[in-house]
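Student: This structure is in structure tokens; I'll ask about it shortly.
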Amino acid sequence: MAFERIVLIGFSGTGKSTVARLLANRLGWSLADTDDRIVQEVGQDIPAIFASLGESAFRDIERRHLLAALGRQRVVVATGGGAVVDPSVWDGELLGAKKTLVVALDAAPETTLARLREQELQDGAAVSRPLLQGDDPLARIALLKATRQGAYDRANITIVVDQISSANVAGEIENLLRLDNHLEPSQVLDAPGGRSEIYIAPGTTDSIGDLVRRRWPKTRRCWVVTDENVGRFHLDALTERLGKAGLRVESRAVPAGESSKSHAVVETLYGWMLDAGIERSDVVLAFGGGVVGDLAGFVAATCLRGVGLVQVPTSLLAMVDSSVGGKTGINHRAGKNLIGAFYQPQLVVIDPSLLATLPPRELVSGWAEVLKHGVI
Ligand code: S3P
């Protein structure tokens, strides 16, 4: 669908105004920054408006400018952090209107505080945020952000911006707008356990961030499980690509080999994820051969009763077999693969160029499987 309005929402310090300006330039669209328009109309800076007219008058003016901006076409709108909290702005005529893409920019409270301090150093008190003043600004930010999170989560897409520049965030949004045109799955597998979109091409892991983002537009965190061998060669590049797409990345490398398909390793992974607050909307990415695929797939199937699963196989055997089969599990002392679940990965990204770092023995075992499929 061709969008006509892109609206950036989110807490202060996430870069909405800068990203909107860059994006409008890239797309050749006009820009509407509600805070700027309020300042222009009233002829005072925002702290002065809060002091003289009060918050509720500010909100009335803000709403008027938001409505005016949403009435336009080919426009990128930057909103103030509190502009989308009132549920009525989400109705079908406004943020919920057709051809309107709402993108939430998300940052940790620490990032917000650091950015706001930097802005105040550069531009002075005129840019200070009246609602965030007080003794413990970090706590105020965390509290106000948490209160508003439900509104921000109504966006069509969420992009985590802590690690990326505003230019990259703008580039990422532009990519997403254009993505529908050039990235199509090589296969769509409708298995009894669900649908897998399968992308197969050398270099396709370059687009991993965009693929994950497109499949799960609201995901904030991606939990990468790999093994120590694969991790050594490829984890940094993968992490960078996911981060650039605006995903927060957590990663764990388990020892390579069958012994990692154990209850003890599963327990460690559960502890790692649950202690760090994994959410239902998060995604687990299995990055490795069959062992990692089975193990991470099982964890994805069972943690919080199931979160999103991406398989990025790095061995030939996993590419042609286990990554698309939907079988996950671990071993038990009574035998191999005795504990597990059928859990179809929603996304499979097969990049044969990853095979270049494999020892020949692993390639041979993969070819045997390819031949078997050819014969049967
Ligand atoms: C506000 C955020 C500010 C500005 C005003 C109120 C808020 O915009 O609209 O200070 O309620 O969070 P930014 O999100 O650009 O900081």
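Chain labels A, B, ... are given in the sequence in which chains occur in the structure tokens; within each chain residues are numbered consecutively from 1, and ligands are likewise numbered from 1 in the order shown.
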Please find the residues contacting ligand 1 at a distance of at most 10 Å between atoms, with only C-alpha atoms and all ligand atoms counted, and report them as an NGL selection string.
Tutor: :A and (8-18 or 33-36 or 38 or 45-47 or 49-50 or 55 or 58-59 or 62 or 78-85 or 112 or 116 or 127-132 or 141 or 144-145 or 148)
Student: Quick one: pick out all alpha helix (DSSP H) residues within stretch 55-297 of chain A from a backbone DSSP run and write them as a VMD selection string.
Tutor: chain A and resid 55 to 70 109 to 123 137 to 152 166 to 182 208 to 215 228 to 230 236 to 244 263 to 275 290 to 297
Student: Identify, on the basis of only C-alpha atoms, every residue whose closest approach to A:Leu295 does not exceed 12 Å; exclude the query and any residue fewer than 5 positions from it along the same chain; express the result as a PyMOL selection string.
Tutor: chain A and resi 224-227+253-270+284-290+300-303+309+311+322-323+326-331+337+339-341+343
Student: Excluding A:Thr219 and residues on its chain fewer than 6 positions from it, collect all residues at most 9 Å away from it, counting only C-alpha atoms, and give them as a list in words.
Tutor: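 Within the cut-off, the hits are Ile157, Thr158, Ile159, Val212, Arg213, Leu247, Ser281, Asp282 and Val283 of chain A.
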Student: Keeping only N, CA, C and O atoms, write those residues as a compact mmCIF listing (two decimals), in the first residue's frame.
Tutor:
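Produced file out39.txt, reproduced below:
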```
# COMPACT_ATOMS: atom_id res chain seq x y z
N ILE A 157 4.73 0.35 13.64
CA ILE A 157 6.12 -0.14 13.69
C ILE A 157 6.82 0.51 14.87
O ILE A 157 6.58 1.68 15.15
N THR A 158 7.67 -0.27 15.54
CA THR A 158 8.51 0.33 16.58
C THR A 158 9.97 0.16 16.20
O THR A 158 10.39 -0.93 15.81
N ILE A 159 10.72 1.23 16.31
CA ILE A 159 12.16 1.15 16.01
C ILE A 159 12.94 1.58 17.25
O ILE A 159 12.67 2.64 17.82
N VAL A 212 13.19 -9.31 9.61
CA VAL A 212 12.60 -9.50 10.94
C VAL A 212 11.61 -8.37 11.22
O VAL A 212 10.49 -8.58 11.67
N ARG A 213 12.02 -7.16 10.91
CA ARG A 213 11.16 -6.00 11.17
C ARG A 213 9.86 -6.10 10.38
O ARG A 213 8.80 -5.77 10.85
N LEU A 247 16.47 -2.87 16.09
CA LEU A 247 16.11 -3.92 17.05
C LEU A 247 17.17 -3.95 18.13
O LEU A 247 18.36 -3.78 17.85
N SER A 281 6.17 -10.33 22.55
CA SER A 281 6.34 -9.81 21.19
C SER A 281 7.80 -9.90 20.73
O SER A 281 8.11 -9.49 19.62
N ASP A 282 8.70 -10.42 21.56
CA ASP A 282 10.11 -10.55 21.16
C ASP A 282 10.29 -11.74 20.22
O ASP A 282 9.39 -12.57 20.04
N VAL A 283 11.50 -11.82 19.67
CA VAL A 283 11.78 -12.85 18.68
C VAL A 283 13.09 -13.56 19.04
O VAL A 283 14.06 -12.90 19.43
```
Student: Rank nothing, just name the residue among A:Leu347, A:Ala107, A:Val89, A:Val291 nearest to A:Ser186, using only C-alpha atoms.
Tutor: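 Of all the options, A:Leu347 lies closest to A:Ser186.
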Student: So that I can check the surroundings of A:Glu250, please list as a list in words every protein, DNA and RNA residue that reaches within 8 Å of it, counting only C-alpha atoms and ignoring chain neighbours fewer than 6 positions away.
Tutor: Arg221, Cys222, Trp223 and Val224 of chain A
Student: Quick one: write out the picked residues with N, CA, C and O atoms as a PDB file, in the first residue's frame?
Tutor:
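As written to disk, result.pdb reads:
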```
ATOM      1  N   ARG A 221      12.904  -6.467  20.692  1.00  0.00           N
ATOM      2  CA  ARG A 221      14.127  -7.177  21.037  1.00  0.00           C
ATOM      3  C   ARG A 221      14.262  -8.498  20.303  1.00  0.00           C
ATOM      4  O   ARG A 221      13.295  -9.222  20.105  1.00  0.00           O
ATOM      5  N   CYS A 222      15.486  -8.797  19.906  1.00  0.00           N
ATOM      6  CA  CYS A 222      15.770 -10.044  19.215  1.00  0.00           C
ATOM      7  C   CYS A 222      16.820 -10.806  20.030  1.00  0.00           C
ATOM      8  O   CYS A 222      17.869 -10.254  20.365  1.00  0.00           O
ATOM      9  N   TRP A 223      16.521 -12.046  20.351  1.00  0.00           N
ATOM     10  CA  TRP A 223      17.402 -12.866  21.201  1.00  0.00           C
ATOM     11  C   TRP A 223      18.123 -13.869  20.307  1.00  0.00           C
ATOM     12  O   TRP A 223      17.519 -14.831  19.839  1.00  0.00           O
ATOM     13  N   VAL A 224      19.391 -13.625  20.077  1.00  0.00           N
ATOM     14  CA  VAL A 224      20.134 -14.483  19.158  1.00  0.00           C
ATOM     15  C   VAL A 224      20.806 -15.606  19.948  1.00  0.00           C
ATOM     16  O   VAL A 224      21.528 -15.349  20.910  1.00  0.00           O
TER      17      VAL A 224
END
```
Student: For each of A:Gly194, A:Pro217, A:Gly209, A:Gly96, take the minimum atom-to-atom distance to A:Glu240, counting only C-alpha atoms, then give the residue where this is smallest.
Tutor: A:Gly209
